[in-house]
Amino acid sequence: MLLSLKWLGRYVDLSDKSPQEIANDLTMHTAEIEEILPFGEQLSEIVVGEVLECGKHPDADKLSKTLVDFGGDEPLPVICGAPNVAQGQKIAYIGVKKRLPDGTKIKKSKIRGELSYGMICSERELGLSDEHEGILVLDSAAVPGRPLTDYLPIQDTLLEIDNKSITHRPDLWGHYGFARELAALYGKELADPLEGMNPNFPVAGETLDVDMKRAKRGCHRYCGLVLRDIEVRQSPEWMRYLLLAVGQRPLNNIVDLTNFLLLDLGQPMHAFDMGRLKGKGGAEHPEISVRFASLGETMKTLDGMERRLGEDDLLICDGEAPVALAGIMGGEHSMVEADTTSAFLESASFDAATIRRSSMRLGLRSESSTRFEKSLDPALCELAVQKFLALLPEVSPGAHATGPMTDPAAWSYEQKYVELRPTRVNRILGLELSPQQIVDFLEPLGFGMDEAGEDLFRVAIPSYRATKDVSIEEDLIEELGRCYGYDNIPPVAPLQPVTVPYREPELVLTHKLKHIFAHDSDALEAKNYTFLADEHIERLGLEDLPYVRVTNAIASHLSRLQRDVMPGLLMSMADNLRREKFVSLFEIDKGYYPEVRGEVLERDGVTKSLPFEVVQLVHIVADRNQGSEHPYHRVRGHLEHALKCIGRPQLDAIQLDAPPPWMHPGRTAAFVDPTDHSRVVAYVGDVHPKIIERLSLDLPKKGGGVAALMIDLRQLLAVPRQEITYRCKPRYQDQPVDLAILAPKEMQAAEVTRVLEGAHPRLLREVKLFEVYRGQGLPEGKKSLNFTAVLGSDKRTLTTADEERFIDRVRELVAEIGCELRG
């Protein structure tokens, strides 16, 4: 959200404060300011020019040849295509080699044989409006050569607000709310939003029937006003430039006025073209009703999209059809257009949850829905209509209300009170505020302070702070803390007994694995949504799997929770591999299996079970370098290194019989609990060729590939941990010995590894499998398991005799399990 300091200055005098000071104070007391932005600098290249001569182009009927004085050494010729250019005008001029606000660089050119140096600009070329039928003509007092911004009230300073810091403050979604905060902060006078205005509703006259009976709890208040004799045209400069500064594109005077009040007071409004509204008997007696949609009902919104609605979507309807999606967006067929002469003005208060559900389900967010989702004050409805009526003569002279304001709910604020104890304030904040200081902090914010007894205030909550904002004593204490300034509260170390906090094993393991894969394995951590997009499920061919579905999805295509973390990381890998030759990513997240019963909850006598939850680390390495080695061994090395670092190197490696659909069925190994091979702790292998094809990965014909691993953190924690002990660097050199064991194809490498580890425990330091060979030259039904055994001693240098004795012992032991030492 953007705040305009010029706009704020309409309500509170900030002339003695710098933008930086205002930003710092708002950040420390109200809401975080992310950035200070100048507005109007995009016109710094534009100067005032005077048209000294203007005549027809000798070779083009629709072009004019002008001579422009722009304050330079001499006037320059400029060819102009605008029909309203004339001699003696003061205009906006941009010279050669300068840039327009959209970045277009102006060049010296020859147009139909005539040289042109620069451009005479229209409002659209200046980024000020869509008007381009003619050039911008300035006041005759403008001086050639002076900056254009000296004569247009456009320069401003903007504060960019972090929206997350005001989600709990519905009163801060307009400039007036922040003006109130600044007035209280600086002890300045706050102007009334209607100051100097006299909005009088007619006591009788034309109204429009509004039926709210079918809105149920979806609409708290609906105010309406009939307007006649409207002339749709361009808005006044001051309004257009304020709207432009905060990123709102001016459209026409009536729509701009509703947008102005949305950004001014924080109250969304909508104007319907009365000529397009119908009644049950036709257009003679139009009417409005607020109701929920029927299942499958459709309407076309202002953005031209046909929307299919559900029973929870609230609508504004005339006598025949929907004319607006309540609180979100108006309908295409009832909007104010150039030929509009009468309008019905809507200013309503819709239920926050109703608007949010519809907005999320339809994937349609607007400035209006963003504000209604925060539970706006219903009192704003009438205030906004009053201010609209007060400003209407300025934006559309002759336009007027033809009758009183319609307000069928007859809403009124039921005053709310909260008791506040000064001693509790000081105890919680660690301050010594006097009762008078408390009053001085809260009254400027609109709170009514009444002493109800010793050490007790009865605080009247203003309506704009009573909608899910301030309701308990702690809310008022928080107000006092931020008004005083949390940075002004002296830090005091608490005198509490210090106890060692409980270290959650799963959290500790997560942190260790992150460090191992990020630092040791040099992989980048990815963070994806827990939701799996529909297009990703379809692309990976995972539509047939059961998923947990959420009813209030953040977007319509993100309704399914992931079962496993790997599919999301596969999509991230594919996206990165389009830009890089080598990608190494890992992610730790949760997955949910609806078909397996998880944690059981019991509440109010009702027992419910949650889906089964898994916590997984997944890691993918993809290489598309020509002639490079397949990354399987690299990924397996990362897995074995990680298991060793966290004290679980003793896992058995076996062939995974039923791998996930994204893994190669013949090239995936499972790491299992040695005491229970049904407990799969991790798997590692090649990514399935069909997945590579579905992701359109551009892999070379020779070399490269994609390998992946998964570690189930909760299964890993169930495996007993081996104590990791420190071993000094050997004084005498270790002696590696390569062993090739001929084994039956079905035998697990882990079984042979255990045999080798028992061959000479006193000298054997490590046994590592580096290759499994199944190629030519081997007897049928056999494979070659190739190991490196490292021998060493802390007392002496090993000899050839030591190596031979070890090899002889290996030959004997492997023969006992039906294997043979080759060579």
# chains A, B, ... in the order shown; residues from 1 in each chain; ligands from 1
$ select_by_dssp --residues "range 579-667 of chain A" --states "alpha helix (DSSP H)" --output "MDAnalysis selection string"
chainID A and resid 632:645
$ write_last_selection --atoms "all heavy atoms" --output "short mmCIF file (atom, residue, chain, number, x, y, z; two decimals), in the first residue's frame"
data_model
loop_
_atom_site.label_atom_id
_atom_site.label_comp_id
_atom_site.auth_asym_id
_atom_site.auth_seq_id
_atom_site.Cartn_x
_atom_site.Cartn_y
_atom_site.Cartn_z
N TYR A 632 24.31 -40.20 -10.20
CA TYR A 632 23.85 -41.14 -9.19
C TYR A 632 24.87 -41.32 -8.07
O TYR A 632 24.54 -41.26 -6.89
CB TYR A 632 23.52 -42.50 -9.82
CG TYR A 632 23.30 -43.57 -8.77
CD1 TYR A 632 22.12 -43.64 -8.06
CD2 TYR A 632 24.31 -44.50 -8.47
CE1 TYR A 632 21.92 -44.60 -7.08
CE2 TYR A 632 24.13 -45.47 -7.50
CZ TYR A 632 22.94 -45.52 -6.80
OH TYR A 632 22.75 -46.47 -5.82
N HIS A 633 26.13 -41.58 -8.45
CA HIS A 633 27.15 -41.84 -7.42
C HIS A 633 27.38 -40.62 -6.55
O HIS A 633 27.63 -40.73 -5.34
CB HIS A 633 28.46 -42.30 -8.07
CG HIS A 633 28.36 -43.65 -8.72
ND1 HIS A 633 28.15 -44.81 -8.00
CD2 HIS A 633 28.41 -44.02 -10.03
CE1 HIS A 633 28.08 -45.84 -8.84
NE2 HIS A 633 28.24 -45.39 -10.08
N ARG A 634 27.27 -39.43 -7.14
CA ARG A 634 27.41 -38.20 -6.35
C ARG A 634 26.29 -38.12 -5.30
O ARG A 634 26.53 -37.84 -4.13
CB ARG A 634 27.33 -36.99 -7.28
CG ARG A 634 27.45 -35.65 -6.55
CD ARG A 634 26.98 -34.51 -7.46
NE ARG A 634 27.86 -34.32 -8.58
CZ ARG A 634 28.85 -33.42 -8.62
NH1 ARG A 634 29.05 -32.64 -7.58
NH2 ARG A 634 29.60 -33.31 -9.69
N VAL A 635 25.04 -38.39 -5.74
CA VAL A 635 23.91 -38.29 -4.83
C VAL A 635 23.98 -39.36 -3.75
O VAL A 635 23.73 -39.11 -2.57
CB VAL A 635 22.58 -38.39 -5.63
CG1 VAL A 635 21.39 -38.44 -4.69
CG2 VAL A 635 22.46 -37.21 -6.58
N ARG A 636 24.37 -40.59 -4.16
CA ARG A 636 24.49 -41.64 -3.15
C ARG A 636 25.58 -41.30 -2.14
O ARG A 636 25.45 -41.57 -0.95
CB ARG A 636 24.79 -42.98 -3.84
CG ARG A 636 24.98 -44.11 -2.83
CD ARG A 636 24.78 -45.46 -3.40
NE ARG A 636 24.96 -46.50 -2.41
CZ ARG A 636 24.48 -47.71 -2.48
NH1 ARG A 636 23.75 -48.05 -3.54
NH2 ARG A 636 24.69 -48.60 -1.54
N GLY A 637 26.66 -40.70 -2.63
CA GLY A 637 27.71 -40.27 -1.72
C GLY A 637 27.21 -39.23 -0.72
O GLY A 637 27.57 -39.24 0.46
N HIS A 638 26.35 -38.30 -1.21
CA HIS A 638 25.76 -37.30 -0.31
C HIS A 638 24.93 -37.98 0.77
O HIS A 638 24.96 -37.59 1.94
CB HIS A 638 24.89 -36.33 -1.10
CG HIS A 638 25.65 -35.47 -2.05
ND1 HIS A 638 25.04 -34.68 -3.01
CD2 HIS A 638 26.99 -35.26 -2.21
CE1 HIS A 638 25.95 -34.04 -3.70
NE2 HIS A 638 27.14 -34.37 -3.24
N LEU A 639 24.15 -39.01 0.38
CA LEU A 639 23.32 -39.73 1.34
C LEU A 639 24.17 -40.45 2.37
O LEU A 639 23.93 -40.34 3.59
CB LEU A 639 22.40 -40.71 0.60
CG LEU A 639 21.56 -41.64 1.48
CD1 LEU A 639 20.64 -40.83 2.38
CD2 LEU A 639 20.75 -42.60 0.62
N GLU A 640 25.17 -41.18 1.91
CA GLU A 640 26.02 -41.94 2.85
C GLU A 640 26.78 -41.00 3.78
O GLU A 640 26.95 -41.29 4.97
CB GLU A 640 26.98 -42.83 2.06
CG GLU A 640 26.26 -43.96 1.33
CD GLU A 640 27.19 -44.77 0.44
OE1 GLU A 640 28.33 -44.31 0.19
OE2 GLU A 640 26.79 -45.87 -0.01
N HIS A 641 27.23 -39.86 3.24
CA HIS A 641 27.93 -38.89 4.08
C HIS A 641 26.99 -38.33 5.15
O HIS A 641 27.37 -38.20 6.33
CB HIS A 641 28.46 -37.75 3.21
CG HIS A 641 29.05 -36.62 3.99
ND1 HIS A 641 30.25 -36.71 4.65
CD2 HIS A 641 28.57 -35.36 4.23
CE1 HIS A 641 30.50 -35.56 5.27
NE2 HIS A 641 29.49 -34.73 5.02
N ALA A 642 25.75 -38.02 4.77
CA ALA A 642 24.79 -37.48 5.72
C ALA A 642 24.48 -38.50 6.82
O ALA A 642 24.44 -38.16 8.01
CB ALA A 642 23.51 -37.07 5.00
N LEU A 643 24.27 -39.77 6.43
CA LEU A 643 23.97 -40.80 7.42
C LEU A 643 25.13 -40.99 8.39
O LEU A 643 24.93 -41.18 9.60
CB LEU A 643 23.64 -42.12 6.72
CG LEU A 643 22.35 -42.14 5.87
CD1 LEU A 643 22.23 -43.45 5.12
CD2 LEU A 643 21.13 -41.91 6.75
N LYS A 644 26.33 -40.90 7.87
CA LYS A 644 27.51 -41.05 8.73
C LYS A 644 27.62 -39.88 9.71
O LYS A 644 27.92 -40.07 10.89
CB LYS A 644 28.76 -41.14 7.86
CG LYS A 644 30.04 -41.39 8.63
CD LYS A 644 31.21 -41.55 7.67
CE LYS A 644 32.51 -41.81 8.45
NZ LYS A 644 33.66 -41.96 7.52
N CYS A 645 27.33 -38.66 9.22
CA CYS A 645 27.47 -37.47 10.07
C CYS A 645 26.45 -37.44 11.20
O CYS A 645 26.71 -36.86 12.26
CB CYS A 645 27.33 -36.21 9.23
SG CYS A 645 28.73 -35.90 8.13
#
$ residues_around --residues "Met269 in chain A" --least-positions-apart "2" --cutoff "8 Å" --atoms "only C-alpha atoms" --output "ChimeraX atom specification"
/A:258-259,261-262,267,271,345-348
$ write_last_selection --atoms "N, CA and C atoms" --output "mmCIF file, in the first residue's frame"
data_model
loop_
_atom_site.group_PDB
_atom_site.id
_atom_site.type_symbol
_atom_site.label_atom_id
_atom_site.label_comp_id
_atom_site.auth_asym_id
_atom_site.auth_seq_id
_atom_site.Cartn_x
_atom_site.Cartn_y
_atom_site.Cartn_z
ATOM 1 N N THR A 258 -15.069 7.591 -6.569
ATOM 2 C CA THR A 258 -15.230 6.402 -5.701
ATOM 3 C C THR A 258 -13.863 5.842 -5.316
ATOM 4 N N ASN A 259 -12.923 5.807 -6.267
ATOM 5 C CA ASN A 259 -11.583 5.322 -5.954
ATOM 6 C C ASN A 259 -10.858 6.255 -4.988
ATOM 7 N N LEU A 261 -12.221 8.051 -2.619
ATOM 8 C CA LEU A 261 -12.745 7.852 -1.271
ATOM 9 C C LEU A 261 -12.308 6.507 -0.695
ATOM 10 N N LEU A 262 -12.118 5.501 -1.559
ATOM 11 C CA LEU A 262 -11.574 4.223 -1.087
ATOM 12 C C LEU A 262 -10.188 4.421 -0.493
ATOM 13 N N GLN A 267 -12.991 3.234 2.529
ATOM 14 C CA GLN A 267 -14.310 2.657 2.279
ATOM 15 C C GLN A 267 -14.519 2.412 0.788
ATOM 16 N N ALA A 271 -20.324 2.768 -8.259
ATOM 17 C CA ALA A 271 -21.381 3.523 -8.936
ATOM 18 C C ALA A 271 -21.929 2.692 -10.089
ATOM 19 N N LEU A 345 -25.321 5.108 -6.365
ATOM 20 C CA LEU A 345 -24.085 5.000 -5.604
ATOM 21 C C LEU A 345 -24.258 3.997 -4.475
ATOM 22 N N GLU A 346 -23.357 3.018 -4.424
ATOM 23 C CA GLU A 346 -23.369 1.992 -3.370
ATOM 24 C C GLU A 346 -22.228 2.232 -2.394
ATOM 25 N N SER A 347 -22.539 2.180 -1.097
ATOM 26 C CA SER A 347 -21.520 2.230 -0.049
ATOM 27 C C SER A 347 -21.968 1.251 1.029
ATOM 28 N N ALA A 348 -21.312 0.090 1.087
ATOM 29 C CA ALA A 348 -21.812 -1.010 1.914
ATOM 30 C C ALA A 348 -20.745 -1.534 2.853
#
$ closest_residue --among "A:Ala184, A:Leu158, A:Val565, A:Val47" --to "Gly145 in chain A" --atoms "only C-alpha atoms"
A:Val47
$ closest_residue --among "A:Met299, A:Leu185, A:Met1, A:Ile106" --to "Ser165 in chain A" --atoms "only C-alpha atoms"
A:Met1
$ residues_around --residues "Thr30 in chain A" --least-positions-apart "2" --cutoff "9 Å" --atoms "only C-alpha atoms" --output "list in words"
Asp25, Leu26, Thr27, Met28, Glu32, Ser165, Ile166, Phe178, Glu181, Arg482 and Cys483 of chain A
$ write_last_selection --atoms "C-alpha atoms" --output "PDB file, in the first residue's frame"
ATOM      1  CA  ASP A  25       8.166   7.254  13.425  1.00  0.00           C
ATOM      2  CA  LEU A  26       5.428   5.296  11.647  1.00  0.00           C
ATOM      3  CA  THR A  27       7.647   2.209  11.609  1.00  0.00           C
ATOM      4  CA  MET A  28       8.309   2.415  15.350  1.00  0.00           C
ATOM      5  CA  GLU A  32       6.473  -0.798   8.931  1.00  0.00           C
ATOM      6  CA  SER A 165       1.705  -4.964   9.489  1.00  0.00           C
ATOM      7  CA  ILE A 166      -1.814  -3.496   9.163  1.00  0.00           C
ATOM      8  CA  PHE A 178      -2.705   7.246   9.019  1.00  0.00           C
ATOM      9  CA  GLU A 181      -2.004   8.272  13.800  1.00  0.00           C
ATOM     10  CA  ARG A 482       3.328   1.545  20.672  1.00  0.00           C
ATOM     11  CA  CYS A 483       2.332   5.161  21.445  1.00  0.00           C
TER      12      CYS A 483
END
$ residues_around --residues "range 359-367 of chain A" --least-positions-apart "5" --cutoff "12 Å" --atoms "only C-alpha atoms" --output "MDAnalysis selection string"
chainID A and resid 1 173:174 247:248 258:263 266:270 298 301:303 305:314 325:330 352:354 372:374 550:559
$ write_last_selection --atoms "C-alpha atoms" --output "PDB file, in the first residue's frame"
ATOM      1  CA  MET A   1       0.000   0.000   0.000  1.00  0.00           C
ATOM      2  CA  TRP A 173      -6.543   1.120   4.921  1.00  0.00           C
ATOM      3  CA  GLY A 174      -7.065   4.756   3.940  1.00  0.00           C
ATOM      4  CA  GLY A 247      -0.777   3.767  -8.425  1.00  0.00           C
ATOM      5  CA  GLN A 248      -4.469   4.219  -9.284  1.00  0.00           C
ATOM      6  CA  THR A 258     -15.230   6.402  -5.701  1.00  0.00           C
ATOM      7  CA  ASN A 259     -11.583   5.322  -5.954  1.00  0.00           C
ATOM      8  CA  PHE A 260     -10.466   8.528  -4.251  1.00  0.00           C
ATOM      9  CA  LEU A 261     -12.745   7.852  -1.271  1.00  0.00           C
ATOM     10  CA  LEU A 262     -11.574   4.223  -1.087  1.00  0.00           C
ATOM     11  CA  LEU A 263      -7.989   5.424  -0.712  1.00  0.00           C
ATOM     12  CA  GLY A 266     -10.662   3.215   3.316  1.00  0.00           C
ATOM     13  CA  GLN A 267     -14.310   2.657   2.279  1.00  0.00           C
ATOM     14  CA  PRO A 268     -14.918   0.875  -1.048  1.00  0.00           C
ATOM     15  CA  MET A 269     -17.786   2.294  -3.124  1.00  0.00           C
ATOM     16  CA  HIS A 270     -19.336   1.481  -6.470  1.00  0.00           C
ATOM     17  CA  THR A 298     -22.716 -16.933 -13.736  1.00  0.00           C
ATOM     18  CA  THR A 301     -17.217  -8.918 -14.062  1.00  0.00           C
ATOM     19  CA  LEU A 302     -15.575  -5.607 -15.034  1.00  0.00           C
ATOM     20  CA  ASP A 303     -12.423  -7.416 -16.167  1.00  0.00           C
ATOM     21  CA  MET A 305     -14.232 -12.594 -17.225  1.00  0.00           C
ATOM     22  CA  GLU A 306     -17.254 -14.888 -16.999  1.00  0.00           C
ATOM     23  CA  ARG A 307     -17.432 -16.063 -13.371  1.00  0.00           C
ATOM     24  CA  ARG A 308     -19.100 -19.328 -12.307  1.00  0.00           C
ATOM     25  CA  LEU A 309     -20.449 -18.789  -8.815  1.00  0.00           C
ATOM     26  CA  GLY A 310     -21.198 -20.899  -5.775  1.00  0.00           C
ATOM     27  CA  GLU A 311     -23.750 -20.696  -2.984  1.00  0.00           C
ATOM     28  CA  ASP A 312     -21.328 -18.808  -0.695  1.00  0.00           C
ATOM     29  CA  ASP A 313     -20.743 -15.943  -3.151  1.00  0.00           C
ATOM     30  CA  LEU A 314     -22.612 -12.730  -2.290  1.00  0.00           C
ATOM     31  CA  LEU A 325     -19.851  -9.504  -7.116  1.00  0.00           C
ATOM     32  CA  ALA A 326     -20.375  -7.969  -3.679  1.00  0.00           C
ATOM     33  CA  GLY A 327     -17.276  -6.386  -2.163  1.00  0.00           C
ATOM     34  CA  ILE A 328     -14.999  -7.672  -4.928  1.00  0.00           C
ATOM     35  CA  MET A 329     -15.797  -6.319  -8.393  1.00  0.00           C
ATOM     36  CA  GLY A 330     -18.632  -4.701 -10.330  1.00  0.00           C
ATOM     37  CA  ALA A 352     -15.143 -10.168   6.019  1.00  0.00           C
ATOM     38  CA  ALA A 353     -15.178 -13.988   5.926  1.00  0.00           C
ATOM     39  CA  THR A 354     -17.764 -14.077   3.130  1.00  0.00           C
ATOM     40  CA  PHE A 372     -13.557  -5.743   3.253  1.00  0.00           C
ATOM     41  CA  GLU A 373     -11.539  -8.775   4.385  1.00  0.00           C
ATOM     42  CA  LYS A 374     -10.277  -6.669   7.318  1.00  0.00           C
ATOM     43  CA  VAL A 550      -8.446 -28.043   1.530  1.00  0.00           C
ATOM     44  CA  THR A 551     -11.773 -26.233   1.354  1.00  0.00           C
ATOM     45  CA  ASN A 552     -10.346 -22.703   1.702  1.00  0.00           C
ATOM     46  CA  ALA A 553      -7.446 -22.959  -0.765  1.00  0.00           C
ATOM     47  CA  ILE A 554      -5.276 -19.864  -1.259  1.00  0.00           C
ATOM     48  CA  ALA A 555      -5.947 -20.269  -4.995  1.00  0.00           C
ATOM     49  CA  SER A 556      -8.355 -22.450  -6.950  1.00  0.00           C
ATOM     50  CA  HIS A 557      -5.529 -24.507  -8.520  1.00  0.00           C
ATOM     51  CA  LEU A 558      -3.817 -25.153  -5.156  1.00  0.00           C
ATOM     52  CA  SER A 559      -6.445 -27.228  -3.367  1.00  0.00           C
TER      53      SER A 559
END
$ closest_residue --among "A:Gly453, A:Gly304, A:Gly275, A:Pro322" --to "Glu337 in chain A" --atoms "only C-alpha atoms"
A:Gly275
$ closest_residue --among "A:Asp487, A:Asn252, A:Phe292, A:Glu231" --to "Pro397 in chain A" --atoms "only C-alpha atoms"
A:Glu231
$ select_by_dssp --residues "range 444-557 of chain A" --states "strand (DSSP E or B)" --output "list in words"
Gly448, Met449, Asp450, Glu451, Ala452, Gly453, Leu456, Phe457, Arg458, Val459, Ala460, Ile461, Leu524, Glu525, Phe531, Leu532 and Arg549 of chain A
$ residues_around --residues "range 685-702 of chain A" --least-positions-apart "2" --cutoff "8 Å" --atoms "only C-alpha atoms" --output "number ranges by chain"
A: 539-540, 571, 574, 577-578, 623-628, 632, 636, 661-665, 667-669, 683, 704-709
$ decode --residues "range 669-677 of chain A" --atoms "all heavy atoms" --output "PDB file, in the first residue's frame"
ATOM      1  N   ALA A 669      17.839 -47.718  -4.922  1.00  0.00           N
ATOM      2  CA  ALA A 669      18.243 -48.472  -3.747  1.00  0.00           C
ATOM      3  C   ALA A 669      17.572 -47.889  -2.512  1.00  0.00           C
ATOM      4  O   ALA A 669      17.402 -46.671  -2.392  1.00  0.00           O
ATOM      5  CB  ALA A 669      19.762 -48.429  -3.567  1.00  0.00           C
ATOM      6  N   ALA A 670      17.184 -48.776  -1.589  1.00  0.00           N
ATOM      7  CA  ALA A 670      16.584 -48.345  -0.328  1.00  0.00           C
ATOM      8  C   ALA A 670      17.585 -48.559   0.796  1.00  0.00           C
ATOM      9  O   ALA A 670      18.306 -49.563   0.819  1.00  0.00           O
ATOM     10  CB  ALA A 670      15.308 -49.126  -0.057  1.00  0.00           C
ATOM     11  N   PHE A 671      17.638 -47.615   1.727  1.00  0.00           N
ATOM     12  CA  PHE A 671      18.436 -47.768   2.936  1.00  0.00           C
ATOM     13  C   PHE A 671      17.464 -48.077   4.082  1.00  0.00           C
ATOM     14  O   PHE A 671      16.567 -47.268   4.365  1.00  0.00           O
ATOM     15  CB  PHE A 671      19.233 -46.502   3.218  1.00  0.00           C
ATOM     16  CG  PHE A 671      20.463 -46.368   2.375  1.00  0.00           C
ATOM     17  CD1 PHE A 671      20.367 -46.131   1.005  1.00  0.00           C
ATOM     18  CD2 PHE A 671      21.722 -46.524   2.927  1.00  0.00           C
ATOM     19  CE1 PHE A 671      21.499 -46.021   0.216  1.00  0.00           C
ATOM     20  CE2 PHE A 671      22.863 -46.420   2.139  1.00  0.00           C
ATOM     21  CZ  PHE A 671      22.756 -46.174   0.789  1.00  0.00           C
ATOM     22  N   VAL A 672      17.634 -49.257   4.682  1.00  0.00           N
ATOM     23  CA  VAL A 672      16.654 -49.770   5.636  1.00  0.00           C
ATOM     24  C   VAL A 672      17.301 -50.022   6.987  1.00  0.00           C
ATOM     25  O   VAL A 672      18.528 -50.131   7.125  1.00  0.00           O
ATOM     26  CB  VAL A 672      16.002 -51.063   5.105  1.00  0.00           C
ATOM     27  CG1 VAL A 672      15.251 -50.803   3.815  1.00  0.00           C
ATOM     28  CG2 VAL A 672      17.057 -52.147   4.879  1.00  0.00           C
ATOM     29  N   ASP A 673      16.439 -50.126   7.998  1.00  0.00           N
ATOM     30  CA  ASP A 673      16.879 -50.482   9.350  1.00  0.00           C
ATOM     31  C   ASP A 673      17.442 -51.909   9.316  1.00  0.00           C
ATOM     32  O   ASP A 673      16.759 -52.821   8.859  1.00  0.00           O
ATOM     33  CB  ASP A 673      15.677 -50.387  10.294  1.00  0.00           C
ATOM     34  CG  ASP A 673      16.053 -50.594  11.755  1.00  0.00           C
ATOM     35  OD1 ASP A 673      17.132 -51.148  12.025  1.00  0.00           O
ATOM     36  OD2 ASP A 673      15.252 -50.189  12.624  1.00  0.00           O
ATOM     37  N   PRO A 674      18.679 -52.133   9.790  1.00  0.00           N
ATOM     38  CA  PRO A 674      19.268 -53.478   9.743  1.00  0.00           C
ATOM     39  C   PRO A 674      18.443 -54.518  10.490  1.00  0.00           C
ATOM     40  O   PRO A 674      18.449 -55.693  10.133  1.00  0.00           O
ATOM     41  CB  PRO A 674      20.645 -53.284  10.398  1.00  0.00           C
ATOM     42  CG  PRO A 674      20.928 -51.829  10.295  1.00  0.00           C
ATOM     43  CD  PRO A 674      19.607 -51.142  10.357  1.00  0.00           C
ATOM     44  N   THR A 675      17.697 -54.083  11.503  1.00  0.00           N
ATOM     45  CA  THR A 675      16.895 -55.032  12.298  1.00  0.00           C
ATOM     46  C   THR A 675      15.488 -55.210  11.739  1.00  0.00           C
ATOM     47  O   THR A 675      14.755 -56.084  12.175  1.00  0.00           O
ATOM     48  CB  THR A 675      16.796 -54.545  13.751  1.00  0.00           C
ATOM     49  OG1 THR A 675      16.135 -53.274  13.779  1.00  0.00           O
ATOM     50  CG2 THR A 675      18.187 -54.390  14.361  1.00  0.00           C
ATOM     51  N   ASP A 676      15.089 -54.362  10.795  1.00  0.00           N
ATOM     52  CA  ASP A 676      13.749 -54.443  10.239  1.00  0.00           C
ATOM     53  C   ASP A 676      13.781 -53.886   8.821  1.00  0.00           C
ATOM     54  O   ASP A 676      13.657 -52.694   8.599  1.00  0.00           O
ATOM     55  CB  ASP A 676      12.760 -53.640  11.106  1.00  0.00           C
ATOM     56  CG  ASP A 676      11.339 -53.710  10.575  1.00  0.00           C
ATOM     57  OD1 ASP A 676      11.092 -54.469   9.614  1.00  0.00           O
ATOM     58  OD2 ASP A 676      10.484 -52.969  11.100  1.00  0.00           O
ATOM     59  N   HIS A 677      13.928 -54.759   7.839  1.00  0.00           N
ATOM     60  CA  HIS A 677      14.057 -54.317   6.460  1.00  0.00           C
ATOM     61  C   HIS A 677      12.777 -53.711   5.896  1.00  0.00           C
ATOM     62  O   HIS A 677      12.795 -53.131   4.806  1.00  0.00           O
ATOM     63  CB  HIS A 677      14.507 -55.476   5.578  1.00  0.00           C
ATOM     64  CG  HIS A 677      15.990 -55.691   5.643  1.00  0.00           C
ATOM     65  ND1 HIS A 677      16.682 -56.410   4.690  1.00  0.00           N
ATOM     66  CD2 HIS A 677      16.919 -55.285   6.548  1.00  0.00           C
ATOM     67  CE1 HIS A 677      17.971 -56.445   5.007  1.00  0.00           C
ATOM     68  NE2 HIS A 677      18.134 -55.771   6.143  1.00  0.00           N
TER      69      HIS A 677
END
